[in-house]
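To be precise, the following lines are my_file02.tsv, and they hold TSV, C-alpha atoms and all ligand atoms.
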```tsv
chain	number	residue	atom	x	y	z
A	1	MET	CA	0.00	0.00	0.00
A	2	TYR	CA	2.75	2.36	0.99
A	3	ASN	CA	4.65	1.40	-2.16
A	4	SER	CA	1.60	2.09	-4.32
A	5	LEU	CA	1.21	5.61	-2.97
A	6	LYS	CA	4.93	6.16	-3.40
A	7	GLU	CA	4.69	5.04	-7.03
A	8	ILE	CA	1.68	7.33	-7.63
A	9	LYS	CA	3.57	10.31	-6.18
A	10	ARG	CA	6.63	9.43	-8.27
A	11	GLN	CA	4.58	9.35	-11.50
A	12	ILE	CA	3.00	12.71	-10.65
A	13	LYS	CA	6.36	14.28	-9.92
A	14	ASP	CA	7.99	12.90	-13.08
A	15	SER	CA	5.20	13.89	-15.46
A	16	GLU	CA	5.31	16.98	-17.64
A	17	LYS	CA	2.70	19.48	-16.55
A	18	ILE	CA	-0.51	19.21	-18.61
A	19	ILE	CA	-2.66	22.31	-19.00
A	20	LEU	CA	-6.37	21.52	-18.77
A	21	ASN	CA	-9.03	23.91	-19.91
A	22	ASP	CA	-12.52	23.97	-18.40
A	23	ASP	CA	-14.01	23.93	-21.91
A	24	ASN	CA	-12.75	20.36	-22.01
A	25	ILE	CA	-14.78	19.05	-19.09
A	26	LEU	CA	-16.63	15.89	-20.11
A	27	SER	CA	-18.52	15.21	-16.93
A	28	TYR	CA	-18.71	15.75	-13.18
A	29	GLY	CA	-18.77	12.96	-10.61
A	30	SER	CA	-19.30	13.35	-6.89
A	31	ASN	CA	-15.56	13.48	-6.15
A	32	ARG	CA	-13.88	13.88	-9.50
A	33	ILE	CA	-14.12	15.90	-12.69
A	34	CYS	CA	-13.31	14.28	-16.05
A	35	TYR	CA	-11.43	16.28	-18.68
A	36	PHE	CA	-10.84	15.38	-22.31
A	37	ASP	CA	-7.17	15.13	-23.04
A	38	GLU	CA	-6.72	17.06	-26.30
A	39	ALA	CA	-3.34	15.44	-26.94
A	40	ASN	CA	-4.80	11.93	-26.42
A	41	PRO	CA	-8.44	11.82	-27.51
A	42	SER	CA	-8.78	8.18	-26.48
A	43	GLN	CA	-8.07	9.10	-22.88
A	44	LEU	CA	-9.58	11.15	-20.06
A	45	ILE	CA	-7.93	12.79	-17.09
A	46	LYS	CA	-9.74	12.52	-13.76
A	47	ILE	CA	-9.08	15.45	-11.43
A	48	ALA	CA	-10.05	15.90	-7.80
A	49	ARG	CA	-12.97	18.27	-7.28
A	50	HIS	CA	-10.96	19.93	-4.53
A	51	PRO	CA	-7.33	20.08	-5.71
A	52	GLU	CA	-6.26	21.43	-2.32
A	53	ASN	CA	-7.50	18.16	-0.81
A	54	TRP	CA	-6.76	15.89	-3.76
A	55	VAL	CA	-5.73	12.86	-1.72
A	56	LYS	CA	-9.24	12.58	-0.26
A	57	ASP	CA	-11.09	13.12	-3.56
A	58	HIS	CA	-8.77	10.73	-5.38
A	59	ARG	CA	-9.13	7.90	-2.88
A	60	GLN	CA	-11.21	5.90	-5.36
A	61	SER	CA	-8.69	6.73	-8.11
A	62	PHE	CA	-5.89	5.20	-6.05
A	63	SER	CA	-7.69	1.89	-5.71
A	64	GLU	CA	-8.94	1.93	-9.34
A	65	TRP	CA	-5.39	2.43	-10.50
A	66	TYR	CA	-4.20	-0.31	-8.15
A	67	ILE	CA	-6.77	-2.85	-9.40
A	68	SER	CA	-6.28	-1.90	-13.04
A	69	THR	CA	-2.49	-2.13	-12.94
A	70	SER	CA	-2.58	-5.37	-10.94
A	71	LEU	CA	-4.57	-7.23	-13.59
A	72	VAL	CA	-2.42	-9.89	-15.14
A	73	SER	CA	-3.39	-9.16	-18.74
A	74	ARG	CA	-4.91	-5.96	-20.03
A	75	GLU	CA	-5.82	-7.68	-23.26
A	76	LYS	CA	-8.47	-9.87	-21.66
A	77	ASP	CA	-12.10	-8.89	-22.09
A	78	CYS	CA	-12.34	-7.23	-18.72
A	79	ARG	CA	-15.25	-4.78	-18.44
A	80	ILE	CA	-13.45	-1.92	-16.75
A	81	SER	CA	-11.90	1.29	-18.09
A	82	HIS	CA	-8.17	0.76	-17.69
A	83	CYS	CA	-6.03	3.30	-15.87
A	84	GLN	CA	-2.87	4.41	-17.66
A	85	GLY	CA	-1.10	6.33	-14.90
A	86	TRP	CA	-0.79	9.62	-13.06
A	87	VAL	CA	0.04	13.09	-14.35
A	88	ARG	CA	0.64	16.59	-13.04
A	89	THR	CA	-1.81	19.21	-14.31
A	90	ASN	CA	-2.71	22.84	-13.64
A	91	LYS	CA	-5.78	21.46	-11.80
A	92	GLY	CA	-3.74	19.20	-9.54
A	93	PRO	CA	-2.79	15.52	-9.87
A	94	GLY	CA	-4.78	13.59	-12.47
A	95	LEU	CA	-5.49	9.94	-13.20
A	96	VAL	CA	-5.29	9.08	-16.92
A	97	VAL	CA	-7.89	6.50	-17.98
A	98	ASP	CA	-9.08	5.00	-21.25
A	99	ARG	CA	-12.12	6.87	-22.46
A	100	ILE	CA	-15.08	4.61	-23.20
A	101	VAL	CA	-17.04	5.71	-26.27
A	102	ASP	CA	-19.83	4.46	-28.49
A	103	ASP	CA	-19.58	4.19	-32.28
A	104	HIS	CA	-20.30	7.94	-32.55
A	105	GLY	CA	-17.43	8.87	-30.24
A	106	GLN	CA	-19.79	9.78	-27.38
A	107	SER	CA	-19.51	8.64	-23.77
A	108	VAL	CA	-23.07	7.62	-22.93
A	109	THR	CA	-23.89	6.47	-19.41
A	110	LEU	CA	-26.45	3.90	-18.39
A	111	ARG	CA	-28.47	6.78	-16.91
A	112	LYS	CA	-28.77	8.36	-20.36
A	113	LEU	CA	-29.63	5.06	-22.01
A	114	LEU	CA	-32.44	4.50	-19.54
A	115	PHE	CA	-33.72	8.04	-19.82
A	116	ARG	CA	-33.76	7.78	-23.61
A	117	ARG	CA	-35.47	4.41	-23.22
A	118	GLU	CA	-32.83	2.71	-25.29
A	119	LEU	CA	-32.75	0.06	-22.59
A	120	THR	CA	-35.46	-1.22	-20.27
A	121	VAL	CA	-34.82	-1.53	-16.54
A	122	GLU	CA	-34.82	-5.33	-16.87
A	123	GLN	CA	-32.20	-5.14	-19.60
A	124	ALA	CA	-30.06	-2.79	-17.50
A	125	VAL	CA	-30.15	-5.17	-14.53
A	126	CYS	CA	-29.34	-8.08	-16.81
A	127	LEU	CA	-26.37	-6.22	-18.39
A	128	VAL	CA	-24.95	-5.35	-14.97
A	129	GLU	CA	-25.32	-9.00	-13.89
A	130	ASN	CA	-23.43	-9.88	-17.03
A	131	ILE	CA	-20.62	-7.57	-15.90
A	132	VAL	CA	-20.68	-9.14	-12.46
A	133	GLY	CA	-20.14	-12.50	-14.23
A	134	ASN	CA	-17.23	-10.98	-16.16
A	135	PHE	CA	-15.76	-9.75	-12.86
A	136	PHE	CA	-16.03	-13.25	-11.39
A	137	THR	CA	-13.92	-14.55	-14.28
A	138	ASN	CA	-11.35	-11.81	-13.92
A	139	GLY	CA	-11.33	-11.48	-10.12
A	140	ILE	CA	-12.41	-7.83	-9.99
A	141	PRO	CA	-13.65	-6.68	-6.56
A	142	ALA	CA	-16.30	-4.10	-7.51
A	143	SER	CA	-17.98	-1.95	-4.88
A	144	ASP	CA	-20.12	0.81	-6.36
A	145	PHE	CA	-22.92	-0.20	-8.71
A	146	ASN	CA	-24.67	2.99	-9.65
A	147	ILE	CA	-26.13	3.89	-13.00
A	148	ASP	CA	-23.59	6.67	-13.61
A	149	ASN	CA	-20.71	4.23	-13.34
A	150	PHE	CA	-21.51	2.35	-16.57
A	151	VAL	CA	-20.82	3.62	-20.08
A	152	ILE	CA	-21.71	1.93	-23.37
A	153	GLU	CA	-18.88	0.86	-25.67
A	154	GLY	CA	-19.22	0.55	-29.46
A	155	GLU	CA	-22.49	0.05	-31.28
A	156	HIS	CA	-25.54	0.44	-29.07
A	157	THR	CA	-27.09	-2.69	-30.54
A	158	ASN	CA	-24.28	-4.74	-28.96
A	159	LYS	CA	-25.32	-3.48	-25.50
A	160	LYS	CA	-21.79	-3.73	-24.13
A	161	LEU	CA	-21.40	-1.80	-20.90
A	162	ILE	CA	-18.09	-0.97	-19.24
A	163	MET	CA	-17.71	-0.03	-15.57
A	164	ILE	CA	-15.77	3.24	-15.39
A	165	ASP	CA	-15.81	3.82	-11.63
A	166	GLY	CA	-16.42	1.71	-8.54
A	167	PHE	CA	-14.67	-1.45	-9.85
A	168	SER	CA	-12.45	-1.45	-6.78
A	169	PRO	CA	-12.83	-1.21	-3.02
A	170	LYS	CA	-12.83	2.30	-1.57
A	171	LYS	CA	-9.25	2.15	-0.32
A	172	ILE	CA	-6.01	0.36	-0.97
A	173	ASN	CA	-5.41	-1.64	2.18
A	174	LEU	CA	-4.66	-5.17	3.26
A	175	LYS	CA	-8.20	-6.26	2.38
A	176	THR	CA	-7.78	-4.96	-1.16
A	177	GLN	CA	-4.55	-6.89	-1.50
A	178	LEU	CA	-6.20	-10.08	-0.25
A	179	LEU	CA	-9.13	-9.60	-2.63
A	180	LEU	CA	-6.74	-9.36	-5.54
A	181	LYS	CA	-4.94	-12.51	-4.48
A	182	SER	CA	-8.05	-14.68	-4.18
A	183	LYS	CA	-10.79	-14.94	-6.79
A	184	THR	CA	-13.00	-16.69	-4.24
A	185	LEU	CA	-12.78	-13.73	-1.86
A	186	SER	CA	-13.12	-11.24	-4.69
A	187	ASN	CA	-16.22	-13.00	-6.03
A	188	CYS	CA	-17.84	-13.06	-2.58
A	189	TYR	CA	-17.06	-9.35	-2.22
A	190	THR	CA	-18.49	-8.33	-5.61
A	191	ASN	CA	-21.51	-10.60	-5.23
A	192	ARG	CA	-22.30	-9.19	-1.77
A	193	LYS	CA	-21.94	-5.59	-2.94
A	194	TRP	CA	-24.23	-6.19	-5.94
A	195	ARG	CA	-26.85	-8.11	-3.93
A	196	ARG	CA	-26.98	-5.30	-1.38
A	197	THR	CA	-27.43	-2.60	-4.04
A	198	LYS	CA	-29.58	-4.38	-6.56
A	199	SER	CA	-32.96	-3.20	-5.27
A	200	ARG	CA	-31.76	0.39	-4.90
A	201	PHE	CA	-30.16	0.26	-8.37
A	202	THR	CA	-33.42	-1.08	-9.84
A	203	TYR	CA	-35.49	1.60	-8.12
A	204	CYS	CA	-33.21	4.35	-9.40
A	205	ALA	CA	-33.26	2.85	-12.92
A	206	GLN	CA	-37.08	2.76	-12.81
A	207	LYS	CA	-37.25	6.43	-11.80
A	208	VAL	CA	-34.90	7.49	-14.59
A	209	TYR	CA	-36.68	5.29	-17.15
A	210	ALA	CA	-39.96	6.92	-16.06
A	211	GLY	CA	-38.52	10.35	-16.90
A	212	ASP	CA	-36.92	11.58	-13.68
A	213	TYR	CA	-33.42	12.11	-15.10
A	214	ARG	CA	-32.00	13.60	-11.93
A	215	PHE	CA	-33.10	10.84	-9.62
A	216	ALA	CA	-30.14	10.11	-7.33
A	217	ALA	CA	-28.18	7.00	-8.10
A	218	ALA	CA	-27.54	4.19	-5.65
A	219	THR	CA	-25.70	5.26	-2.54
A	220	PRO	CA	-22.16	3.92	-2.50
A	221	LEU	CA	-22.37	0.70	-0.56
A	222	SER	CA	-19.93	1.67	2.11
A	223	ASP	CA	-22.38	4.36	3.23
A	224	ILE	CA	-25.57	2.30	3.32
A	225	SER	CA	-25.19	0.91	6.82
A	226	ASN	CA	-24.58	4.41	8.22
A	227	ARG	CA	-27.81	5.85	6.87
A	228	SER	CA	-31.11	5.57	8.55
A	229	SER	CA	-33.16	6.45	5.48
A	230	GLY	CA	-32.77	6.41	1.73
A	231	ILE	CA	-34.21	8.92	-0.70
B	301	LIG	N1	-13.45	6.10	-18.63
B	301	LIG	C1	-14.51	6.86	-18.89
B	301	LIG	N2	-15.04	6.91	-20.15
B	301	LIG	C2	-16.12	7.69	-20.41
B	301	LIG	N3	-16.73	8.47	-19.50
B	301	LIG	C3	-16.26	8.47	-18.25
B	301	LIG	C4	-15.13	7.68	-17.87
B	301	LIG	N4	-14.86	7.90	-16.56
B	301	LIG	C5	-15.79	8.78	-16.14
B	301	LIG	N5	-16.63	9.13	-17.13
B	301	LIG	C6	-17.77	10.08	-17.01
B	301	LIG	O1	-17.50	10.99	-15.96
B	301	LIG	C7	-18.45	10.82	-14.88
B	301	LIG	C8	-17.76	11.02	-13.54
B	301	LIG	O2	-16.63	10.16	-13.42
B	301	LIG	P1	-16.45	9.16	-12.18
B	301	LIG	O3	-15.18	8.43	-12.40
B	301	LIG	O4	-17.67	8.31	-12.02
B	301	LIG	O5	-16.30	10.18	-10.96
B	301	LIG	P2	-16.79	10.05	-9.45
B	301	LIG	O6	-15.91	9.05	-8.79
B	301	LIG	O7	-16.60	11.39	-8.85
B	301	LIG	O8	-18.23	9.56	-9.45
B	301	LIG	C9	-19.05	9.42	-15.10
B	301	LIG	O9	-20.33	9.30	-14.52
B	301	LIG	C10	-19.06	9.33	-16.61
B	301	LIG	O10	-20.15	10.06	-17.14
B	302	MG	MG	-18.94	7.80	-10.45
```
When written as structure tokens, how does the structure in this file appear?
Amino acid sequence: MYNSLKEIKRQIKDSEKIILNDDNILSYGSNRICYFDEANPSQLIKIARHPENWVKDHRQSFSEWYISTSLVSREKDCRISHCQGWVRTNKGPGLVVDRIVDDHGQSVTLRKLLFRRELTVEQAVCLVENIVGNFFTNGIPASDFNIDNFVIEGEHTNKKLIMIDGFSPKKINLKTQLLLKSKTLSNCYTNRKWRRTKSRFTYCAQKVYAGDYRFAAATPLSDISNRSSGI
């Protein structure tokens, strides 16, 4: 864990400074902002919402990077957006990731697909369960199944979703290391996280499909037990 953070800091220090322009913002997440990288259109740079406190906002980025770089082969059909490394930017440290796009070069989330009624709620649940199956094969410990964390890749008729966030535990710690070492543990972890979110995910998908675009996505699982009421 300590070595991973050291490696991240080394990559940031060694990188040439990239200048990001707010016209190039693709999308906002709850902790991070995604910028197009003009020099590398097939990639995005994820920046902390609060650069002055980037370590906190990038916590998920650390573990995403860790899981992505620990995968034995990047060539396998693994339904995550791979992380390429860390860079220094005028907006603070950034995580470079592969940008997932459809056949028109757009990054379309599951939320949009549901809102546009390109997918039914049943199809969405089925596609996510398909990803869970893919994660079982590849030993990916995923934690945050919300409808903003899936983006369609390629032709829409193929219905191939990729998980772009939440395909790792919240932190890099001993548990994360153990999960990566054992597919049995990793599968139990992913299965438990999905089972615990499925009804909330389905409810959110139903609301969006019914026309309420802004309906809040599933609460990250780590927070569920601390909350007395949902939305
Ligand atoms: N690899 C990617 N390819 C395409 N779009 C992405 C990718 N990563 C993020 N996005 C878009 O940016 C949004 C926010 O990014 P995300 O990583 O989910 O941030 P947060 O952790 O703050 O939720 C996503 O909901 C999605 O719309
Ligand atoms: Mg997200």
Review point. Taking all atoms listed in the file into account, which residues are within 9 Å of ligand MG 302 (chain B), as a count of residues only?
Key: 14
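Comparing the minimum interatomic distances between ligand LIG 301 (chain B) and each of A:Asn158, A:Thr89, A:Ser70, A:Gln60, counting all atoms listed in the file, we find that A:Gln60 sits nearest.
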Check your understanding: Do you know which residues are at most 12 Å from Phe36 of chain A counting all atoms listed in the file, after dropping those on the same chain fewer than 4 positions away, and could you put them as a PyMOL selection string?
Key -> chain A and resi 18-27+40-47+94-100+106-107
Dump as a PDB file, in the frame of the given file, selection limited to C-alpha atoms:
```pdb
ATOM      1  CA  ILE A  18      -0.510  19.210 -18.610  1.00  0.00           C
ATOM      2  CA  ILE A  19      -2.660  22.310 -19.000  1.00  0.00           C
ATOM      3  CA  LEU A  20      -6.370  21.520 -18.770  1.00  0.00           C
ATOM      4  CA  ASN A  21      -9.030  23.910 -19.910  1.00  0.00           C
ATOM      5  CA  ASP A  22     -12.520  23.970 -18.400  1.00  0.00           C
ATOM      6  CA  ASP A  23     -14.010  23.930 -21.910  1.00  0.00           C
ATOM      7  CA  ASN A  24     -12.750  20.360 -22.010  1.00  0.00           C
ATOM      8  CA  ILE A  25     -14.780  19.050 -19.090  1.00  0.00           C
ATOM      9  CA  LEU A  26     -16.630  15.890 -20.110  1.00  0.00           C
ATOM     10  CA  SER A  27     -18.520  15.210 -16.930  1.00  0.00           C
ATOM     11  CA  ASN A  40      -4.800  11.930 -26.420  1.00  0.00           C
ATOM     12  CA  PRO A  41      -8.440  11.820 -27.510  1.00  0.00           C
ATOM     13  CA  SER A  42      -8.780   8.180 -26.480  1.00  0.00           C
ATOM     14  CA  GLN A  43      -8.070   9.100 -22.880  1.00  0.00           C
ATOM     15  CA  LEU A  44      -9.580  11.150 -20.060  1.00  0.00           C
ATOM     16  CA  ILE A  45      -7.930  12.790 -17.090  1.00  0.00           C
ATOM     17  CA  LYS A  46      -9.740  12.520 -13.760  1.00  0.00           C
ATOM     18  CA  ILE A  47      -9.080  15.450 -11.430  1.00  0.00           C
ATOM     19  CA  GLY A  94      -4.780  13.590 -12.470  1.00  0.00           C
ATOM     20  CA  LEU A  95      -5.490   9.940 -13.200  1.00  0.00           C
ATOM     21  CA  VAL A  96      -5.290   9.080 -16.920  1.00  0.00           C
ATOM     22  CA  VAL A  97      -7.890   6.500 -17.980  1.00  0.00           C
ATOM     23  CA  ASP A  98      -9.080   5.000 -21.250  1.00  0.00           C
ATOM     24  CA  ARG A  99     -12.120   6.870 -22.460  1.00  0.00           C
ATOM     25  CA  ILE A 100     -15.080   4.610 -23.200  1.00  0.00           C
ATOM     26  CA  GLN A 106     -19.790   9.780 -27.380  1.00  0.00           C
ATOM     27  CA  SER A 107     -19.510   8.640 -23.770  1.00  0.00           C
TER      28      SER A 107
END
```
Review point. Between A:Asn3, A:Leu114, A:Gly85, A:Cys34, which one has atoms that come closest to Tyr213 of chain A, using all atoms listed in the file?
Key: A:Leu114
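Among A:Arg79, A:Arg117, A:Lys181, A:Arg192, the residue with the shortest atom-to-atom distance to ligand LIG 301 (chain B), counting all atoms listed in the file, is A:Arg79.
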Exercise for review: Mind checking which residues fall within 8 Å of Ala48 of chain A, counting all atoms listed in the file, ignoring those fewer than 4 positions away in the same chain, and posting them as a ChimeraX atom specification?
Suggested key: /A:31-33,53-54,57-58,92-94
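Computed from the coordinates, the atom CA of Cys204 of chain A to atom CA of Pro141 of chain A distance equals 22.6 Å.
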